[in-house]
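For reference, final.tsv is printed below; it contains TSV, C-alpha atoms and all ligand atoms.
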chain	number	residue	atom	x	y	z
K	295	MET	CA	4.11	-27.70	18.67
K	296	THR	CA	0.94	-27.32	16.64
K	297	HIS	CA	-2.63	-27.05	17.86
K	298	PRO	CA	-4.64	-29.07	15.37
K	299	ALA	CA	-7.93	-28.45	17.13
K	300	HIS	CA	-7.46	-24.70	16.85
K	301	ALA	CA	-6.45	-24.94	13.17
K	302	ASP	CA	-9.37	-27.27	12.40
K	303	LEU	CA	-11.85	-24.82	13.89
K	304	ILE	CA	-10.33	-21.94	11.92
K	305	LEU	CA	-10.20	-23.89	8.63
K	306	ASP	CA	-13.74	-25.16	9.00
K	307	TRP	CA	-14.93	-21.60	9.58
K	308	TYR	CA	-12.95	-20.48	6.51
K	309	ASP	CA	-14.51	-23.16	4.31
K	310	HIS	CA	-17.92	-21.67	5.04
K	311	ASN	CA	-17.10	-17.97	5.30
K	312	ARG	CA	-14.10	-17.14	3.13
K	313	ARG	CA	-14.04	-13.80	1.36
K	314	ARG	CA	-14.06	-13.90	-2.41
K	315	LEU	CA	-11.21	-11.63	-3.50
K	316	PRO	CA	-9.99	-11.08	-7.06
K	317	TRP	CA	-6.53	-12.52	-6.30
K	318	ARG	CA	-7.75	-15.56	-4.41
K	319	ALA	CA	-7.77	-19.05	-5.92
K	320	GLU	CA	-11.08	-20.90	-5.84
K	321	ALA	CA	-11.54	-23.32	-2.93
K	322	GLY	CA	-9.27	-26.33	-3.29
K	323	GLN	CA	-7.08	-24.69	-5.96
K	324	VAL	CA	-3.55	-23.38	-5.59
K	325	ALA	CA	-3.01	-19.65	-6.03
K	326	ASP	CA	-0.69	-18.31	-8.72
K	327	PRO	CA	2.46	-16.85	-7.03
K	328	TYR	CA	2.39	-13.86	-9.40
K	329	HIS	CA	-1.18	-13.05	-8.31
K	330	VAL	CA	-0.34	-13.47	-4.62
K	331	TRP	CA	2.79	-11.32	-4.89
K	332	LEU	CA	1.07	-8.54	-6.87
K	333	SER	CA	-1.87	-8.34	-4.48
K	334	GLU	CA	0.26	-8.53	-1.34
K	335	VAL	CA	2.54	-5.70	-2.50
K	336	MET	CA	-0.51	-3.59	-3.36
K	337	LEU	CA	-2.19	-4.38	-0.03
K	338	GLN	CA	0.71	-3.03	2.03
K	339	GLN	CA	-0.73	0.14	3.62
K	340	THR	CA	-3.78	0.04	1.32
K	341	THR	CA	-7.33	-1.30	1.77
K	342	VAL	CA	-8.77	-4.32	-0.01
K	343	GLN	CA	-11.45	-2.15	-1.66
K	344	THR	CA	-8.91	0.24	-3.17
K	345	VAL	CA	-6.58	-2.52	-4.29
K	346	ALA	CA	-9.21	-4.57	-6.15
K	347	ASP	CA	-9.48	-2.17	-9.12
K	348	TYR	CA	-5.74	-1.60	-9.39
K	349	TYR	CA	-5.10	-5.32	-9.22
K	350	ARG	CA	-7.55	-6.07	-12.04
K	351	ARG	CA	-6.06	-3.34	-14.23
K	352	PHE	CA	-2.48	-4.52	-13.64
K	353	LEU	CA	-3.36	-8.10	-14.39
K	354	ALA	CA	-5.31	-7.20	-17.54
K	355	ARG	CA	-2.38	-5.16	-18.82
K	356	TRP	CA	0.43	-7.47	-17.63
K	357	PRO	CA	-1.00	-11.00	-17.28
K	358	ARG	CA	2.37	-12.62	-16.47
K	359	VAL	CA	5.40	-11.55	-14.50
K	360	GLN	CA	7.35	-11.56	-17.79
K	361	ASP	CA	4.97	-8.93	-19.20
K	362	LEU	CA	5.43	-6.70	-16.16
K	363	ALA	CA	9.22	-7.12	-16.30
K	364	GLN	CA	9.24	-5.87	-19.89
K	365	ALA	CA	6.95	-2.88	-19.30
K	366	PRO	CA	8.52	0.60	-19.22
K	367	LEU	CA	8.82	1.78	-15.59
K	368	ASP	CA	6.86	4.89	-16.45
K	369	ASP	CA	3.82	2.80	-17.50
K	370	VAL	CA	3.96	0.95	-14.18
K	371	LEU	CA	4.18	4.21	-12.22
K	372	THR	CA	1.28	5.64	-14.21
K	373	GLU	CA	-0.94	2.62	-13.47
K	374	TRP	CA	0.12	2.85	-9.83
K	375	ALA	CA	-0.69	6.57	-9.51
K	376	GLY	CA	-3.11	7.10	-6.61
K	377	LEU	CA	-2.06	3.99	-4.64
K	378	GLY	CA	0.69	5.88	-2.80
K	379	TYR	CA	3.98	4.67	-1.38
K	380	TYR	CA	5.55	4.78	-4.82
K	381	ALA	CA	8.73	2.98	-3.82
K	382	ARG	CA	6.48	-0.10	-3.92
K	383	ALA	CA	5.84	0.41	-7.64
K	384	ARG	CA	9.51	0.83	-8.44
K	385	ASN	CA	10.38	-2.26	-6.41
K	386	LEU	CA	7.53	-4.16	-8.07
K	387	HIS	CA	9.07	-3.47	-11.45
K	388	LYS	CA	12.59	-4.38	-10.28
K	389	CYS	CA	11.33	-7.53	-8.61
K	390	ALA	CA	9.52	-8.68	-11.78
K	391	ALA	CA	12.76	-8.19	-13.76
K	392	MET	CA	14.74	-10.16	-11.16
K	393	VAL	CA	12.26	-13.04	-11.09
K	394	VAL	CA	12.64	-13.31	-14.86
K	395	ALA	CA	16.43	-12.89	-14.89
K	396	ARG	CA	17.35	-15.03	-11.87
K	397	HIS	CA	14.45	-17.45	-11.50
K	398	ARG	CA	13.38	-17.93	-15.12
K	399	GLY	CA	10.05	-16.27	-14.50
K	400	SER	CA	8.99	-18.49	-11.57
K	401	PHE	CA	8.84	-17.10	-8.05
K	402	PRO	CA	10.91	-19.12	-5.57
K	403	ALA	CA	8.88	-20.94	-2.89
K	404	ASP	CA	11.32	-20.48	-0.06
K	405	GLU	CA	10.92	-17.50	2.29
K	406	ALA	CA	14.67	-16.77	2.44
K	407	ALA	CA	14.95	-16.68	-1.37
K	408	LEU	CA	11.84	-14.51	-1.62
K	409	ARG	CA	13.25	-12.02	0.87
K	410	LEU	CA	16.21	-11.40	-1.43
K	411	LEU	CA	13.87	-9.93	-4.04
K	412	PRO	CA	13.25	-6.14	-4.09
K	413	GLY	CA	10.25	-4.98	-2.05
K	414	ILE	CA	9.63	-8.38	-0.43
K	415	GLY	CA	9.95	-8.23	3.35
K	416	ASP	CA	9.21	-10.80	6.05
K	417	TYR	CA	5.46	-10.53	5.76
K	418	THR	CA	5.21	-10.74	1.97
K	419	ALA	CA	7.72	-13.60	1.79
K	420	ALA	CA	5.74	-15.61	4.34
K	421	ALA	CA	2.44	-14.82	2.59
K	422	ILE	CA	3.71	-15.96	-0.84
K	423	SER	CA	5.35	-19.05	0.61
K	424	ALA	CA	2.19	-20.07	2.49
K	425	ILE	CA	-0.56	-19.03	0.07
K	426	ALA	CA	1.06	-19.90	-3.27
K	427	PHE	CA	3.16	-22.91	-2.20
K	428	ASP	CA	1.37	-24.21	0.90
K	429	ILE	CA	4.51	-24.06	3.03
K	430	PRO	CA	3.79	-23.60	6.76
K	431	ALA	CA	5.29	-20.10	7.03
K	432	ALA	CA	4.15	-17.87	9.91
K	433	VAL	CA	2.14	-15.13	8.20
K	434	MET	CA	1.36	-12.10	10.32
K	435	ASP	CA	-0.41	-9.04	8.97
K	436	GLY	CA	-2.33	-6.43	10.98
K	437	ASN	CA	-5.47	-8.57	11.11
K	438	ILE	CA	-3.65	-11.66	12.32
K	439	GLU	CA	-1.72	-9.58	14.85
K	440	ARG	CA	-5.01	-8.43	16.35
K	441	VAL	CA	-6.58	-11.90	16.46
K	442	VAL	CA	-3.56	-13.50	18.11
K	443	SER	CA	-3.02	-10.70	20.60
K	444	ARG	CA	-6.63	-11.22	21.70
K	445	LEU	CA	-6.52	-15.02	21.73
K	446	PHE	CA	-3.61	-14.86	24.17
K	447	ALA	CA	-4.43	-11.47	25.78
K	448	VAL	CA	-0.88	-10.27	25.09
K	449	GLU	CA	-0.21	-7.40	27.51
K	450	GLU	CA	2.95	-6.18	25.81
K	451	PRO	CA	2.17	-3.21	23.51
K	452	LEU	CA	2.90	-3.10	19.77
K	453	PRO	CA	5.31	-2.77	18.10
K	454	ALA	CA	7.51	-4.37	20.80
K	455	ALA	CA	5.14	-7.36	20.96
K	456	LYS	CA	5.68	-8.33	17.30
K	457	PRO	CA	8.31	-11.06	17.87
K	458	ARG	CA	6.15	-12.66	20.58
K	459	LEU	CA	3.07	-12.55	18.35
K	460	LYS	CA	5.01	-13.99	15.43
K	461	ALA	CA	6.18	-16.88	17.61
K	462	LEU	CA	2.59	-17.55	18.63
K	463	VAL	CA	1.49	-17.54	14.98
K	464	ALA	CA	4.30	-19.95	14.10
K	465	ASP	CA	3.12	-22.20	16.88
K	466	LEU	CA	-0.51	-22.11	15.73
K	467	THR	CA	0.16	-22.59	11.99
K	468	PRO	CA	-0.73	-26.14	10.92
K	469	GLN	CA	1.28	-28.38	8.58
K	470	GLN	CA	-1.86	-29.10	6.58
K	471	ARG	CA	-3.35	-26.25	4.52
K	472	PRO	CA	-1.08	-23.52	5.94
K	473	GLY	CA	-1.98	-21.20	3.05
K	474	ASP	CA	-5.70	-21.49	3.77
K	475	TYR	CA	-4.97	-21.09	7.47
K	476	ALA	CA	-3.17	-17.76	6.86
K	477	GLN	CA	-6.02	-16.50	4.69
K	478	ALA	CA	-8.56	-17.75	7.24
K	479	MET	CA	-6.90	-15.76	10.02
K	480	MET	CA	-6.79	-12.67	7.77
K	481	ASP	CA	-10.51	-13.10	7.05
K	482	LEU	CA	-11.35	-13.71	10.69
K	483	GLY	CA	-9.59	-10.46	11.60
K	484	ALA	CA	-11.28	-8.52	8.80
K	485	MET	CA	-14.80	-9.90	9.27
K	486	VAL	CA	-15.24	-11.06	12.88
K	487	CYS	CA	-12.36	-10.01	15.12
K	488	THR	CA	-12.62	-6.40	13.99
K	489	PRO	CA	-10.77	-3.51	15.70
K	490	ARG	CA	-14.04	-2.19	17.18
K	491	ARG	CA	-16.79	-4.38	18.58
K	492	PRO	CA	-15.52	-7.82	17.53
K	493	ALA	CA	-18.35	-10.28	16.82
K	494	CYS	CA	-17.17	-12.84	19.34
K	495	GLY	CA	-20.51	-14.66	19.13
K	496	LEU	CA	-19.62	-15.65	15.54
K	497	CYS	CA	-16.01	-16.56	16.25
K	498	PRO	CA	-14.99	-20.22	15.85
K	499	VAL	CA	-12.34	-19.97	18.59
K	500	SER	CA	-14.19	-17.86	21.13
K	501	ALA	CA	-14.20	-20.65	23.73
K	502	ARG	CA	-10.41	-20.47	24.00
K	503	CYS	CA	-9.90	-16.72	23.55
K	504	ILE	CA	-8.49	-15.22	26.74
K	505	ALA	CA	-9.43	-11.63	25.84
K	506	ARG	CA	-13.01	-12.69	25.28
K	507	ILE	CA	-13.11	-14.63	28.56
K	508	SER	CA	-11.73	-11.57	30.36
K	509	ASP	CA	-14.59	-9.62	28.74
K	510	ASP	CA	-12.67	-6.76	27.15
K	511	PRO	CA	-11.31	-7.92	23.77
K	512	GLU	CA	-11.21	-4.40	22.34
K	513	ARG	CA	-8.39	-3.56	24.73
K	514	PHE	CA	-6.08	-5.68	22.55
K	515	PRO	CA	-3.72	-5.24	20.84
K	516	LEU	CA	-2.12	-2.72	23.19
K	517	LYS	CA	-0.22	-0.02	21.36
K	518	SER	CA	2.59	2.31	22.39
K	519	PRO	CA	1.55	5.93	21.80
K	520	LYS	CA	2.74	7.24	18.44
K	521	PRO	CA	4.75	10.46	18.35
K	522	ASP	CA	2.89	13.37	16.73
K	523	LYS	CA	3.63	13.86	13.05
K	524	PRO	CA	5.51	17.07	12.31
K	525	MET	CA	4.18	19.66	9.87
K	526	ARG	CA	6.01	20.66	6.72
K	527	TYR	CA	5.32	23.50	4.32
K	528	GLY	CA	5.95	24.25	0.68
K	529	ALA	CA	4.54	25.94	-2.41
K	530	VAL	CA	3.71	24.71	-5.92
K	531	PHE	CA	3.56	26.65	-9.17
K	532	TRP	CA	0.64	25.93	-11.48
K	533	LEU	CA	1.79	27.32	-14.82
K	534	THR	CA	-0.55	27.09	-17.81
K	535	ARG	CA	0.17	27.53	-21.47
K	536	LYS	CA	-2.12	29.17	-24.04
K	537	ASP	CA	-3.69	25.80	-24.99
K	538	GLY	CA	-4.47	24.99	-21.33
K	539	ALA	CA	-1.55	22.56	-20.83
K	540	VAL	CA	0.06	22.65	-17.38
K	541	LEU	CA	3.77	22.41	-16.63
K	542	LEU	CA	4.73	19.15	-14.91
K	543	ARG	CA	8.14	17.72	-14.28
K	544	ARG	CA	9.60	14.47	-13.06
K	545	ARG	CA	10.79	14.12	-9.47
K	546	ALA	CA	14.23	12.73	-8.72
K	547	GLU	CA	14.40	8.91	-8.73
K	548	LYS	CA	15.40	8.70	-5.08
K	549	GLY	CA	13.29	9.86	-2.17
K	550	LEU	CA	9.60	10.40	-1.52
K	551	LEU	CA	7.41	10.08	-4.65
K	552	GLY	CA	10.64	9.32	-6.54
K	553	GLY	CA	10.29	9.10	-10.31
K	554	MET	CA	6.69	10.35	-10.25
K	555	MET	CA	5.48	13.52	-12.00
K	556	GLU	CA	4.90	16.70	-9.98
K	557	VAL	CA	3.65	20.22	-10.24
K	558	PRO	CA	6.93	22.15	-9.81
K	559	GLY	CA	7.41	23.57	-6.35
K	560	THR	CA	9.70	24.56	-3.53
K	561	GLU	CA	11.41	22.25	-1.08
K	562	TRP	CA	9.29	21.14	1.89
K	563	LEU	CA	10.48	22.84	5.06
K	564	ASP	CA	9.58	23.05	8.77
K	565	GLN	CA	8.28	26.59	8.21
K	566	ARG	CA	6.54	28.33	5.35
K	567	PRO	CA	9.18	29.13	2.72
K	568	PRO	CA	9.89	32.87	3.25
K	569	ALA	CA	10.28	33.73	-0.46
K	570	PRO	CA	8.70	30.89	-2.44
K	571	LEU	CA	8.61	32.78	-5.76
K	572	GLY	CA	12.40	32.52	-5.89
K	573	ASP	CA	11.83	28.85	-6.81
K	574	ALA	CA	9.18	29.49	-9.48
K	575	PRO	CA	10.03	27.91	-12.84
K	576	VAL	CA	9.62	31.26	-14.71
K	577	LYS	CA	9.20	34.93	-13.89
K	578	ALA	CA	5.48	35.65	-14.30
K	579	GLU	CA	2.49	37.33	-12.64
K	580	TRP	CA	2.10	34.69	-9.95
K	581	GLN	CA	-1.19	34.81	-8.02
K	582	ARG	CA	-1.59	32.93	-4.79
K	583	LEU	CA	-4.77	30.87	-4.59
K	584	ASP	CA	-6.87	30.99	-1.41
K	585	GLY	CA	-6.62	27.81	0.61
K	586	GLY	CA	-4.01	25.41	-0.67
K	587	VAL	CA	-3.66	21.71	-0.14
K	588	ARG	CA	-3.02	19.52	2.90
K	589	HIS	CA	-1.72	15.99	2.60
K	590	THR	CA	-0.52	13.43	5.11
K	591	PHE	CA	2.42	11.15	4.47
K	592	THR	CA	3.55	8.36	6.79
K	593	HIS	CA	5.89	10.58	8.77
K	594	PHE	CA	4.61	14.14	8.35
K	595	HIS	CA	1.76	16.41	7.31
K	596	LEU	CA	2.32	18.72	4.36
K	597	ASP	CA	0.73	22.11	3.75
K	598	LEU	CA	1.21	23.43	0.23
K	599	SER	CA	0.41	26.93	-0.98
K	600	ILE	CA	-0.54	27.17	-4.63
K	601	TYR	CA	0.56	29.91	-7.00
K	602	ARG	CA	-0.78	30.15	-10.52
K	603	ALA	CA	0.28	32.02	-13.63
K	604	ALA	CA	-0.08	31.77	-17.41
K	605	VAL	CA	2.39	32.04	-20.24
K	606	GLY	CA	1.82	32.17	-23.99
K	607	LEU	CA	4.02	29.49	-25.48
K	608	GLY	CA	5.44	27.19	-22.82
K	609	ASP	CA	9.13	26.44	-23.09
K	610	PRO	CA	9.52	22.62	-23.57
K	611	LYS	CA	12.85	22.79	-21.73
K	612	LEU	CA	10.97	23.58	-18.49
K	613	GLY	CA	9.36	20.14	-18.31
K	614	THR	CA	6.37	18.30	-19.74
K	615	TRP	CA	3.23	20.20	-20.71
K	616	VAL	CA	0.08	18.17	-20.14
K	617	THR	CA	-3.55	19.24	-20.43
K	618	PRO	CA	-5.58	18.35	-17.31
K	619	ASP	CA	-7.83	15.95	-19.24
K	620	ARG	CA	-4.69	13.83	-19.82
K	621	PHE	CA	-3.46	13.78	-16.23
K	622	GLY	CA	-4.75	10.20	-15.98
K	623	GLU	CA	-2.10	9.17	-18.51
K	624	VAL	CA	0.86	10.37	-16.45
K	625	ALA	CA	2.23	9.17	-13.12
K	626	LEU	CA	0.77	11.99	-11.04
K	627	PRO	CA	0.49	11.06	-7.36
K	628	THR	CA	-2.51	11.87	-5.16
K	629	LEU	CA	-0.84	14.96	-3.67
K	630	TYR	CA	-0.67	16.66	-7.09
K	631	ARG	CA	-4.12	15.46	-8.08
K	632	LYS	CA	-5.32	17.31	-5.00
K	633	VAL	CA	-3.47	20.41	-6.25
K	634	ALA	CA	-5.18	20.04	-9.64
K	635	LYS	CA	-8.55	19.73	-7.93
K	636	ALA	CA	-7.90	22.82	-5.82
K	637	VAL	CA	-7.02	24.84	-8.93
K	638	LEU	CA	-9.65	23.49	-11.29
K	639	GLY	CA	-12.42	22.94	-8.73
K	640	ARG	CA	-12.93	19.32	-9.85
H	701	LIG	FE1	-11.49	-12.02	18.41
H	701	LIG	FE2	-13.66	-12.34	19.93
H	701	LIG	FE3	-12.71	-14.36	18.46
H	701	LIG	FE4	-11.37	-13.51	20.58
H	701	LIG	S1	-13.42	-14.43	20.55
H	701	LIG	S2	-10.52	-14.01	18.59
H	701	LIG	S3	-11.77	-11.33	20.50
H	701	LIG	S4	-13.59	-12.44	17.71
Output the structure of this file as structure tokens.
Ligand code: SF4
Amino acid sequence: MTHPAHADLILDWYDHNRRRLPWRAEAGQVADPYHVWLSEVMLQQTTVQTVADYYRRFLARWPRVQDLAQAPLDDVLTEWAGLGYYARARNLHKCAAMVVARHRGSFPADEAALRLLPGIGDYTAAAISAIAFDIPAAVMDGNIERVVSRLFAVEEPLPAAKPRLKALVADLTPQQRPGDYAQAMMDLGAMVCTPRRPACGLCPVSARCIARISDDPERFPLKSPKPDKPMRYGAVFWLTRKDGAVLLRRRAEKGLLGGMMEVPGTEWLDQRPPAPLGDAPVKAEWQRLDGGVRHTFTHFHLDLSIYRAAVGLGDPKLGTWVTPDRFGEVALPTLYRKVAKAVLGR
């Protein structure tokens, strides 16, 4: 069952208030599936503000999915550096290749076919299907989750409530303009139905919002308490050569930050490594720097000690030697940029 009155109110609000985003089609135009896919993959776990620059750079460098499919993986990882969750970049590259090889360079419209592509889960498949092909798929991101949980005052906490919320979204999604409807709900969540102090006075559906009528919309969505993140510890070895170049090496393809460059270091353990210098890449006069670096991943916090030393001529067999002014040209994730900043003070 659809609720045309609800959808009409939302779409009318959207026509007057839509956000202008670099990946959005102009009003009345259909979005390019490549643009929708690229932006949606980047937006997973990352804010709109951060994504905008990366999106523009990717599109300038690889204007079509065919261009991205042909790019060396290392170039893609380098452009991605700083966005985090690097498995997304590797899947992005694989997905581009598969779209070219299996779908002749055109993204499929159907959610089930989209889900077979690397890095495309339920949410991204629904978003591409709705936004780029105007198919009435039930799109539910964090913003939409919040809006719907408030509209219906859903008492079940997240994440257990997700299937219920998804069913409600499916029920609300109209047959006409489903792509605009999905984007309208995202915008409503981002601009009006915000996590704190929602602007219910500006909301087009406030008259039928149960959370608003019950006077405490901020209570929704309810969330199950998250377990505390554990702490892990490690050490890195900042080794410089006579010309100022620093030793970097490539991480294994699989696992966290897979395929990215790193400052060599120890394993990350539950306790401080008892004898970290045993893992140093060379024997040298290692000095421990005061402080160190803290970084938070999805499932744990990391505390890294930093040791530094210098050698005359760096052995090329140890890894790649890169001067800090060229770090922007290699796929160095945020964690190791923080290490560089701690050592260099900038
Ligand atoms: Fe959100 Fe308020 Fe609108 Fe309800 S009335 S959907 S709480 S902005």
(request) List the neighbours of K:Asp306 out to 12 Å using all atoms listed in the file; skip same-chain residues closer than 3 positions along the sequence, and give me the result as a ChimeraX atom specification. (result) /K:298-303,309-312,471,474-475,478-479,482,497-499
Selection from above, C-alpha atoms, as a compact mmCIF listing (two decimals), keeping the file's coordinate frame, can you write it?
# COMPACT_ATOMS: atom_id res chain seq x y z
CA PRO K 298 -4.64 -29.07 15.37
CA ALA K 299 -7.93 -28.45 17.13
CA HIS K 300 -7.46 -24.70 16.85
CA ALA K 301 -6.45 -24.94 13.17
CA ASP K 302 -9.37 -27.27 12.40
CA LEU K 303 -11.85 -24.82 13.89
CA ASP K 309 -14.51 -23.16 4.31
CA HIS K 310 -17.92 -21.67 5.04
CA ASN K 311 -17.10 -17.97 5.30
CA ARG K 312 -14.10 -17.14 3.13
CA ARG K 471 -3.35 -26.25 4.52
CA ASP K 474 -5.70 -21.49 3.77
CA TYR K 475 -4.97 -21.09 7.47
CA ALA K 478 -8.56 -17.75 7.24
CA MET K 479 -6.90 -15.76 10.02
CA LEU K 482 -11.35 -13.71 10.69
CA CYS K 497 -16.01 -16.56 16.25
CA PRO K 498 -14.99 -20.22 15.85
CA VAL K 499 -12.34 -19.97 18.59
(message) Residues within 10 Å of stretch 590-602 of chain K, please, as a VMD selection string. Count all atoms listed in the file; anything in the same chain fewer than 2 positions from it doesn't count.
(response) chain K and resid 339 378 to 379 521 to 534 550 557 559 to 560 562 to 567 570 to 571 574 578 to 588 604 629 633 to 634 636 to 637
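Checking K:Val448, K:Ala426, K:Met555, K:Ala455 one by one against ligand LIG 701 (chain H), counting all atoms listed in the file, you find the shortest gap at K:Val448.
The nearest approach to K:Ala447 among the residues K:Thr628, K:Ser508, K:Thr372, K:Thr340, with all atoms listed in the file taken into account, belongs to K:Ser508.
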(request) Please provide as number ranges by chain all residues within 12 Å of K:Leu496, with the sequence filter that same-chain residues fewer than 6 positions apart are discarded (counting all atoms listed in the file). (result) K: 304, 307, 311, 482-483, 485-488
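Look at K:Ala419: the protein and nucleic acid residues within 9 Å of it, using only C-alpha atoms and passing over chain neighbours fewer than 2 places away, are Trp331, Ala403, Asp404, Glu405, Ala406, Ala407, Leu408, Arg409, Ile414, Gly415, Asp416, Tyr417, Ala421, Ile422, Ser423, Ala424, Ala431 and Val433 of chain K.
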(request) Go through the chains and note each residue within 9 Å of ligand LIG 701 (chain H), using only C-alpha atoms and all ligand atoms, then give the set as an MDAnalysis selection string. (result) chainID K and resid 440:447 482:483 485:489 491:507 509:512 514
(message) For a test of reading the model, state the distance in Å between atom CA of K:Pro472 and atom CA of K:Ile438, rounded to one decimal.
(response) 13.7 Å
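The interatomic distance for the pair atom CA of K:Cys389 and atom CA of K:Leu411 works out to 5.8 Å.
Atom to atom, atom CA of K:Gln477 and atom CA of K:Gly436 stand 12.4 Å apart.
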(request) Could you give me, as a ChimeraX atom specification, the residues that sit within 12 Å of (3.4, 3.0, -11.3) in the file's coordinates, counting all atoms listed in the file? (result) /K:336,348,351-352,362,365-388,551-555,622-627
Using only the atoms of stretch 365-384 of chain K listed in the file, plus 4 Å on each side, state the axis-aligned box centre and edge lengths in Å rounded to one decimal, as JSON.
{"center_x": 3.2, "center_y": 2.1, "center_z": -10.3, "size_x": 20.6, "size_y": 18.0, "size_z": 25.9}
(request) Would you please work out which residue, of K:Asp361, K:Glu561, K:Asp573, K:Glu556, is nearest to K:Phe621 when using all atoms listed in the file? (result) K:Glu556
(message) What's around K:Leu612 at 9 Å? Count only C-alpha atoms, leave out sequence neighbours fewer than 5 positions away in its own chain, and write the answer as a list in words.
(response) Leu541, Leu542, Arg543, Pro575 and Val576 of chain K
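Counting only C-alpha atoms, the residue from K:Asp347, K:Asp428, K:Glu450, K:Glu320 that sits nearest to K:Ser333 is K:Asp347.
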Write stretch 560-565 of chain K as a PDB file, in the coordinates of the input, completed to all heavy atoms.
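To be explicit, this is the file written out as out19.pdb:
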ATOM      1  N   THR K 560       8.545  24.315  -4.399  1.00  0.00           N
ATOM      2  CA  THR K 560       9.700  24.560  -3.530  1.00  0.00           C
ATOM      3  C   THR K 560      10.047  23.270  -2.795  1.00  0.00           C
ATOM      4  O   THR K 560       9.317  22.293  -2.842  1.00  0.00           O
ATOM      5  CB  THR K 560       9.357  25.605  -2.448  1.00  0.00           C
ATOM      6  OG1 THR K 560       8.313  25.045  -1.635  1.00  0.00           O
ATOM      7  CG2 THR K 560       8.890  26.903  -3.052  1.00  0.00           C
ATOM      8  N   GLU K 561      11.122  23.310  -2.041  1.00  0.00           N
ATOM      9  CA  GLU K 561      11.410  22.250  -1.080  1.00  0.00           C
ATOM     10  C   GLU K 561      10.337  22.265  -0.001  1.00  0.00           C
ATOM     11  O   GLU K 561       9.659  23.280   0.192  1.00  0.00           O
ATOM     12  CB  GLU K 561      12.739  22.565  -0.387  1.00  0.00           C
ATOM     13  CG  GLU K 561      13.941  21.969  -1.036  1.00  0.00           C
ATOM     14  CD  GLU K 561      15.135  22.180  -0.121  1.00  0.00           C
ATOM     15  OE1 GLU K 561      15.685  23.296  -0.158  1.00  0.00           O
ATOM     16  OE2 GLU K 561      15.457  21.258   0.632  1.00  0.00           O
ATOM     17  N   TRP K 562      10.225  21.182   0.761  1.00  0.00           N
ATOM     18  CA  TRP K 562       9.290  21.140   1.890  1.00  0.00           C
ATOM     19  C   TRP K 562      10.076  21.363   3.176  1.00  0.00           C
ATOM     20  O   TRP K 562      11.004  20.618   3.489  1.00  0.00           O
ATOM     21  CB  TRP K 562       8.573  19.790   1.935  1.00  0.00           C
ATOM     22  CG  TRP K 562       7.830  19.500   0.660  1.00  0.00           C
ATOM     23  CD1 TRP K 562       7.426  20.398  -0.290  1.00  0.00           C
ATOM     24  CD2 TRP K 562       7.424  18.213   0.178  1.00  0.00           C
ATOM     25  NE1 TRP K 562       6.790  19.768  -1.325  1.00  0.00           N
ATOM     26  CE2 TRP K 562       6.778  18.422  -1.059  1.00  0.00           C
ATOM     27  CE3 TRP K 562       7.523  16.916   0.666  1.00  0.00           C
ATOM     28  CZ2 TRP K 562       6.248  17.379  -1.817  1.00  0.00           C
ATOM     29  CZ3 TRP K 562       6.998  15.879  -0.079  1.00  0.00           C
ATOM     30  CH2 TRP K 562       6.355  16.106  -1.305  1.00  0.00           C
ATOM     31  N   LEU K 563       9.696  22.402   3.901  1.00  0.00           N
ATOM     32  CA  LEU K 563      10.480  22.840   5.060  1.00  0.00           C
ATOM     33  C   LEU K 563       9.634  22.817   6.335  1.00  0.00           C
ATOM     34  O   LEU K 563       8.411  22.675   6.277  1.00  0.00           O
ATOM     35  CB  LEU K 563      10.970  24.280   4.826  1.00  0.00           C
ATOM     36  CG  LEU K 563      11.713  24.527   3.496  1.00  0.00           C
ATOM     37  CD1 LEU K 563      11.861  26.018   3.234  1.00  0.00           C
ATOM     38  CD2 LEU K 563      13.074  23.857   3.536  1.00  0.00           C
ATOM     39  N   ASP K 564      10.297  23.026   7.489  1.00  0.00           N
ATOM     40  CA  ASP K 564       9.580  23.050   8.770  1.00  0.00           C
ATOM     41  C   ASP K 564       8.736  24.312   8.937  1.00  0.00           C
ATOM     42  O   ASP K 564       7.895  24.392   9.818  1.00  0.00           O
ATOM     43  CB  ASP K 564      10.555  23.038   9.960  1.00  0.00           C
ATOM     44  CG  ASP K 564      11.520  21.912   9.852  1.00  0.00           C
ATOM     45  OD1 ASP K 564      11.294  21.060   8.982  1.00  0.00           O
ATOM     46  OD2 ASP K 564      12.496  21.879  10.614  1.00  0.00           O
ATOM     47  N   GLN K 565       9.045  25.341   8.145  1.00  0.00           N
ATOM     48  CA  GLN K 565       8.280  26.590   8.210  1.00  0.00           C
ATOM     49  C   GLN K 565       7.883  26.974   6.797  1.00  0.00           C
ATOM     50  O   GLN K 565       8.489  26.492   5.837  1.00  0.00           O
ATOM     51  CB  GLN K 565       9.146  27.705   8.767  1.00  0.00           C
ATOM     52  CG  GLN K 565       9.595  27.436  10.162  1.00  0.00           C
ATOM     53  CD  GLN K 565      10.572  28.471  10.654  1.00  0.00           C
ATOM     54  OE1 GLN K 565      11.134  29.240   9.878  1.00  0.00           O
ATOM     55  NE2 GLN K 565      10.787  28.471  11.952  1.00  0.00           N
TER      56      GLN K 565
END
